[in-house]
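First comes the structure, then the notes that go with it.
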Amino acid sequence: MRHAPILRIASLLLLVSCLAACNSNDSGPPTTGNVTPTVAGGSAPTGFAGYQEAKEAFTRGSEDGVLIATLEDAAWLRFEGSPEEVQENHKAYFEYGYTSFKIILRAREFTRPTTETFILEDSAGARISARPVTFNGNLITVDDRWQYEFDLAFRHTITRDVQWIKLTRAIDGEYVEWTLK
C-alpha cells in the first residue's frame with residue numbers, strides 16, 4: 001500500500017509524456033514546400049482527388065504555428081462550387097490576378113489583424129506590403145492562443161518566371177514560403 005502514491009505519480013508522468021509525444025507528431029502544415037500554382041496564361045494543375053487534398057497542398061504554417069496561410073489557386077478553388085460562386089468569393093484572385101491568401105493567425109497576445117502589415121516577396125525581386133482585406137470577427141482561442149481568420153491580397157501576379165514566394169508577418173517575422181515548380 002505504501003507504493004500506491006508512487007505508482008499514481010509514475011502513471012501520471014507516463015500519461016503526460018505520451019500526450020506530449022502525440023502532440024509533437026502533429027506538426028501542422030509545412031513551413032516551405034513545392035507547389036505548382038496556376039500562373040498567368042496557364043491552366044489549373046490537375047491530379048488532386050478533391051478539395052481538401054488540393055487546399056492542403058497550397059497551405060503552409062510557420063515553425064511555431066502562429067501563421068497558417070493558404071495560397072489561393074484555381075487548383076483547389078475549383079472544388080468550392082460553381083464557377084460563378086467561386087469567382088464571386090475570390091474576386092481578388094480571379095478579377096485582378098492578385099496573389100491572395102486565406103490566413104489563420106494564432107497569436108499569444110490579443111491583436112488587431114486589420115492593422116497589421118504582411119510582406120510578400122518573390123524570387124523575381126518583388127517586395128510588397130498589404131493589410132487584411134476581409135476579417136472574420138468570430139474570435140476564438142485555440143491552444144491558449146487567439147485565433148483570427150482573414151484574407152490578404154497583394155497587387156502581384158505569379159508568372160512563369162517566379163521560382164518562390166514568401167509571406168511574412170511584419171510584427172514578429174513569422175513566415176511561410178512556397179517553392180514554385
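By convention in this document, the chains of the C-alpha cells carry letters A, B, ... by their order, each chain's residues are numbered from 1, and ligands are numbered from 1 in the order they are shown.
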From a DSSP calculation on the backbone, collect every residue of range 6-165 of chain A in strand (DSSP E or B) and output the set as number ranges by chain. A: 34-35, 59-61, 67-71, 99-107, 118-122, 127-130, 134-142, 145-154, 164-165
For the residues in the current selection, export C-alpha atoms as a PDB file, in the first residue's frame.
ATOM      1  CA  ASN A  34       6.927  22.711 -53.629  1.00  0.00           C
ATOM      2  CA  VAL A  35       3.663  23.576 -55.308  1.00  0.00           C
ATOM      3  CA  THR A  59      -1.172  25.521 -47.224  1.00  0.00           C
ATOM      4  CA  ARG A  60       1.906  26.403 -45.179  1.00  0.00           C
ATOM      5  CA  GLY A  61       2.431  27.064 -41.460  1.00  0.00           C
ATOM      6  CA  LEU A  67       0.870  31.934 -39.098  1.00  0.00           C
ATOM      7  CA  ILE A  68      -1.016  29.476 -41.316  1.00  0.00           C
ATOM      8  CA  ALA A  69      -1.525  30.608 -44.910  1.00  0.00           C
ATOM      9  CA  THR A  70      -3.226  29.010 -47.876  1.00  0.00           C
ATOM     10  CA  LEU A  71      -2.194  30.355 -51.262  1.00  0.00           C
ATOM     11  CA  THR A  99      -1.642  36.867 -55.214  1.00  0.00           C
ATOM     12  CA  SER A 100      -4.114  36.181 -52.422  1.00  0.00           C
ATOM     13  CA  PHE A 101      -4.169  34.105 -49.258  1.00  0.00           C
ATOM     14  CA  LYS A 102      -6.557  32.680 -46.675  1.00  0.00           C
ATOM     15  CA  ILE A 103      -4.886  33.337 -43.314  1.00  0.00           C
ATOM     16  CA  ILE A 104      -5.212  31.864 -39.843  1.00  0.00           C
ATOM     17  CA  LEU A 105      -3.227  33.804 -37.247  1.00  0.00           C
ATOM     18  CA  ARG A 106      -2.797  32.248 -33.783  1.00  0.00           C
ATOM     19  CA  ALA A 107      -1.293  34.930 -31.566  1.00  0.00           C
ATOM     20  CA  PHE A 118       2.249  41.492 -44.132  1.00  0.00           C
ATOM     21  CA  ILE A 119       5.048  41.362 -46.706  1.00  0.00           C
ATOM     22  CA  LEU A 120       5.098  39.306 -49.889  1.00  0.00           C
ATOM     23  CA  GLU A 121       8.453  38.659 -51.572  1.00  0.00           C
ATOM     24  CA  ASP A 122       9.278  36.599 -54.643  1.00  0.00           C
ATOM     25  CA  ARG A 127       8.597  43.074 -52.182  1.00  0.00           C
ATOM     26  CA  ILE A 128       5.065  44.272 -51.481  1.00  0.00           C
ATOM     27  CA  SER A 129       3.207  45.001 -48.252  1.00  0.00           C
ATOM     28  CA  ALA A 130      -0.511  44.687 -47.557  1.00  0.00           C
ATOM     29  CA  THR A 134     -11.529  40.826 -45.083  1.00  0.00           C
ATOM     30  CA  PHE A 135     -11.785  39.700 -41.476  1.00  0.00           C
ATOM     31  CA  ASN A 136     -13.864  37.010 -39.780  1.00  0.00           C
ATOM     32  CA  GLY A 137     -14.982  38.575 -36.483  1.00  0.00           C
ATOM     33  CA  ASN A 138     -15.622  35.236 -34.729  1.00  0.00           C
ATOM     34  CA  LEU A 139     -12.803  35.355 -32.204  1.00  0.00           C
ATOM     35  CA  ILE A 140     -11.879  32.047 -30.549  1.00  0.00           C
ATOM     36  CA  THR A 141      -8.929  30.625 -28.664  1.00  0.00           C
ATOM     37  CA  VAL A 142      -7.022  27.542 -29.801  1.00  0.00           C
ATOM     38  CA  ARG A 145      -3.803  31.485 -28.472  1.00  0.00           C
ATOM     39  CA  TRP A 146      -6.209  33.973 -30.024  1.00  0.00           C
ATOM     40  CA  GLN A 147      -7.216  32.755 -33.478  1.00  0.00           C
ATOM     41  CA  TYR A 148      -8.001  35.230 -36.242  1.00  0.00           C
ATOM     42  CA  GLU A 149      -9.086  34.415 -39.804  1.00  0.00           C
ATOM     43  CA  PHE A 150      -8.800  36.848 -42.680  1.00  0.00           C
ATOM     44  CA  ASP A 151      -7.874  37.277 -46.339  1.00  0.00           C
ATOM     45  CA  LEU A 152      -4.832  39.021 -47.778  1.00  0.00           C
ATOM     46  CA  ALA A 153      -4.399  40.185 -51.376  1.00  0.00           C
ATOM     47  CA  PHE A 154      -1.280  41.664 -52.949  1.00  0.00           C
ATOM     48  CA  TRP A 164       9.368  31.038 -54.952  1.00  0.00           C
ATOM     49  CA  ILE A 165       7.178  33.340 -52.890  1.00  0.00           C
TER      50      ILE A 165
END
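Of note, CA of Val133 in chain A and CA of Thr115 in chain A are spaced 10.5 Å apart.
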Considering only C-alpha atoms, can you say which of A:Lys181, A:Leu167, A:His156, A:Tyr175 comes closest to Tyr96 in chain A?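 For Tyr96 in chain A, the nearest of the candidates is A:His156.
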Using backbone DSSP assignments, extract all alpha helix (DSSP H) residues from range 25-79 of chain A; output them as a short mmCIF file (atom, residue, chain, number, x, y, z; two decimals) with N, CA and C atoms, in the first residue's frame.
data_model
loop_
_atom_site.label_atom_id
_atom_site.label_comp_id
_atom_site.auth_asym_id
_atom_site.auth_seq_id
_atom_site.Cartn_x
_atom_site.Cartn_y
_atom_site.Cartn_z
N ASN A 25 3.90 14.99 -32.75
CA ASN A 25 3.80 14.36 -34.07
C ASN A 25 2.88 15.15 -34.99
N TYR A 51 -11.14 18.66 -52.94
CA TYR A 51 -10.92 19.96 -52.33
C TYR A 51 -9.87 19.93 -51.23
N GLN A 52 -10.04 19.04 -50.26
CA GLN A 52 -9.16 19.03 -49.10
C GLN A 52 -7.71 18.76 -49.49
N GLU A 53 -7.49 17.76 -50.34
CA GLU A 53 -6.14 17.43 -50.77
C GLU A 53 -5.49 18.59 -51.52
N ALA A 54 -6.24 19.22 -52.41
CA ALA A 54 -5.70 20.34 -53.18
C ALA A 54 -5.41 21.54 -52.28
N LYS A 55 -6.33 21.86 -51.37
CA LYS A 55 -6.13 23.00 -50.48
C LYS A 55 -4.93 22.78 -49.56
N GLU A 56 -4.78 21.58 -49.02
CA GLU A 56 -3.64 21.28 -48.15
C GLU A 56 -2.31 21.42 -48.88
N ALA A 57 -2.28 21.09 -50.16
CA ALA A 57 -1.05 21.22 -50.94
C ALA A 57 -0.58 22.67 -51.02
N ALA A 74 -6.52 28.21 -58.43
CA ALA A 74 -7.62 27.51 -59.09
C ALA A 74 -7.57 26.01 -58.82
N ALA A 75 -6.41 25.46 -58.47
CA ALA A 75 -6.28 24.03 -58.20
C ALA A 75 -7.23 23.58 -57.09
N TRP A 76 -7.43 24.39 -56.07
CA TRP A 76 -8.37 24.00 -55.02
C TRP A 76 -9.65 24.82 -55.03
N LEU A 77 -9.58 26.04 -55.54
CA LEU A 77 -10.79 26.86 -55.59
C LEU A 77 -11.87 26.23 -56.47
#
